[in-house]
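Structure first, then comments.
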Amino acid sequence: MSRIRLGVYLDEQGPKLGRGKIRLLEAVRAHGSISAGARAMGMAYRHAWVLIDELNRTFAEPVVLSTMGGRRGGGAQLTVWGEELVERFAEMDRIASASVESHLQALDAHLAHPRRRAASKRPRARASR
């Protein structure tokens with residue numbers, strides 16, 4: 001079945017906000033830390049940290065607040081704006097998907113049989129010189 005993936009370019013040259021970053025924020029919210037959220041997604045901590053830092057620098061308000069580790073351990077939580085961002089993205093995604101549903105169904109109705117599509121992916125024999 002055909003589908004769309006919402007991606008929001010936050011600036012002409014700025015970062016893109018998409019499902020991956022939103023999933024990371026949801027994982028941080030669920031697990032209470034960047035490292036645990038990254039681990040749950042199979043993502044390196046450093047990569048998760050870079051993505052969250054990028055989001056925090058992109059917006060006027062931070063999206064995630066983190067506390068340093070130590071005796072009691074560190075942690076991270078979404079800010080009020082971070083929670084709102086997750087909810088707004090989910091709503092934009094729902095609206096975008098709903099608005100093109102009939103068009104996606106029309107595309108699906110005209111797709112080639114899966115076996116035919118798989119055959120077109122086979123490497124072609126090279127002509128001898």
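Labels for the structure tokens follow display order: chains A, B, ..., residues from 1 in each chain, ligands from 1.
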Give me the residues within 12 Å of Ala60 of chain A as a compact mmCIF listing (two decimals) with C-alpha atoms, in the first residue's frame, counting only C-alpha atoms and dropping any in the same chain fewer than 5 places off.
```
# COMPACT_ATOMS: atom_id res chain seq x y z
CA GLU A 54 20.06 20.16 16.90
CA LEU A 55 16.38 20.34 17.88
CA TRP A 81 7.26 22.69 24.10
CA GLY A 82 8.77 19.26 23.34
```
(message) I need the strand (DSSP E) residues of chain A per DSSP on the backbone, written as a PyMOL selection string.
(response) chain A and resi 7-9+16-18+64-67+75-78
Would you mind exporting the chosen residues as a PDB file, in the first residue's frame, restricted to N, CA and C atoms?
```pdb
ATOM      1  N   GLY A   7       7.710  15.240   6.239  1.00  0.00           N
ATOM      2  CA  GLY A   7       8.982  15.848   6.606  1.00  0.00           C
ATOM      3  C   GLY A   7       8.802  17.354   6.548  1.00  0.00           C
ATOM      4  N   VAL A   8       9.183  18.030   7.593  1.00  0.00           N
ATOM      5  CA  VAL A   8       9.008  19.475   7.671  1.00  0.00           C
ATOM      6  C   VAL A   8      10.385  20.124   7.675  1.00  0.00           C
ATOM      7  N   TYR A   9      10.666  20.888   6.636  1.00  0.00           N
ATOM      8  CA  TYR A   9      11.915  21.640   6.583  1.00  0.00           C
ATOM      9  C   TYR A   9      11.688  22.922   7.368  1.00  0.00           C
ATOM     10  N   LYS A  16      15.590  19.199   9.091  1.00  0.00           N
ATOM     11  CA  LYS A  16      14.300  18.614   8.742  1.00  0.00           C
ATOM     12  C   LYS A  16      13.741  17.921   9.977  1.00  0.00           C
ATOM     13  N   LEU A  17      12.480  18.144  10.232  1.00  0.00           N
ATOM     14  CA  LEU A  17      11.790  17.454  11.309  1.00  0.00           C
ATOM     15  C   LEU A  17      10.961  16.356  10.680  1.00  0.00           C
ATOM     16  N   GLY A  18      11.248  15.126  11.044  1.00  0.00           N
ATOM     17  CA  GLY A  18      10.530  13.994  10.474  1.00  0.00           C
ATOM     18  C   GLY A  18      10.206  12.960  11.528  1.00  0.00           C
ATOM     19  N   VAL A  64      14.135  19.216  24.837  1.00  0.00           N
ATOM     20  CA  VAL A  64      14.501  18.233  25.855  1.00  0.00           C
ATOM     21  C   VAL A  64      15.404  18.909  26.878  1.00  0.00           C
ATOM     22  N   LEU A  65      15.150  18.634  28.152  1.00  0.00           N
ATOM     23  CA  LEU A  65      16.039  19.056  29.231  1.00  0.00           C
ATOM     24  C   LEU A  65      16.678  17.808  29.801  1.00  0.00           C
ATOM     25  N   SER A  66      17.984  17.857  29.981  1.00  0.00           N
ATOM     26  CA  SER A  66      18.669  16.698  30.542  1.00  0.00           C
ATOM     27  C   SER A  66      19.447  17.119  31.785  1.00  0.00           C
ATOM     28  N   THR A  67      19.626  16.152  32.669  1.00  0.00           N
ATOM     29  CA  THR A  67      20.418  16.380  33.869  1.00  0.00           C
ATOM     30  C   THR A  67      21.622  15.450  33.813  1.00  0.00           C
ATOM     31  N   GLY A  75      19.254  11.974  33.575  1.00  0.00           N
ATOM     32  CA  GLY A  75      17.968  11.722  32.950  1.00  0.00           C
ATOM     33  C   GLY A  75      17.649  12.817  31.963  1.00  0.00           C
ATOM     34  N   ALA A  76      16.549  12.648  31.293  1.00  0.00           N
ATOM     35  CA  ALA A  76      16.089  13.655  30.331  1.00  0.00           C
ATOM     36  C   ALA A  76      14.577  13.595  30.272  1.00  0.00           C
ATOM     37  N   GLN A  77      14.006  14.726  29.996  1.00  0.00           N
ATOM     38  CA  GLN A  77      12.553  14.780  29.832  1.00  0.00           C
ATOM     39  C   GLN A  77      12.198  15.821  28.793  1.00  0.00           C
ATOM     40  N   LEU A  78      11.074  15.614  28.155  1.00  0.00           N
ATOM     41  CA  LEU A  78      10.593  16.593  27.191  1.00  0.00           C
ATOM     42  C   LEU A  78      10.085  17.802  27.945  1.00  0.00           C
TER      43      LEU A  78
END
```
(request) Would you mind listing what lies within 10 Å of segment 40-46 of chain A as JSON, numbers by chain, with only C-alpha atoms counted and same-chain residues fewer than 5 positions away left out? (result) {"A": [20, 23, 24, 27, 28, 30, 31, 34, 35, 51, 52]}
(message) Would you pick out the contacts of Arg5 of chain A at 9 Å or less, using only C-alpha atoms, so that residues sharing its chain but fewer than 5 positions from it are not included, and give the list as a ChimeraX atom specification?
(response) /A:18-19,93,96-97
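Using only C-alpha atoms, the nearest neighbour of Phe89 of chain A within the list A:Ala48, A:Leu111, A:Leu25, A:Met1 is A:Leu25.
Take the candidates A:Val100, A:Leu107, A:Leu6, A:Met68 and check each one against Ile22 of chain A using only C-alpha atoms; the shortest distance goes to A:Leu6.
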(request) Write down as a VMD selection string the residues belonging to chain A that are assigned helix (DSSP H, G or I) by DSSP computed on the backbone. (result) chain A and resid 19 to 31 34 to 41 45 to 58 80 to 109 114 to 120
(request) For atom CA of Arg3 of chain A and atom CA of Ser99 of chain A, determine how far apart the two atoms are, in Å to one decimal place. (result)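 Computing it gives 11.6 Å between the two atoms.
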(request) May I ask for the distance between atom CA of Gly69 of chain A and atom CA of Arg39 of chain A, given in Å to one decimal place? (result) 16.7 Å
(request) May I ask which of the residues A:Ile4, A:Arg94, A:Pro62, A:Glu101 is the closest one to Val80 of chain A, counting only C-alpha atoms? (result)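 Nearest candidate to Val80 of chain A out of A:Ile4, A:Arg94, A:Pro62, A:Glu101: A:Pro62.
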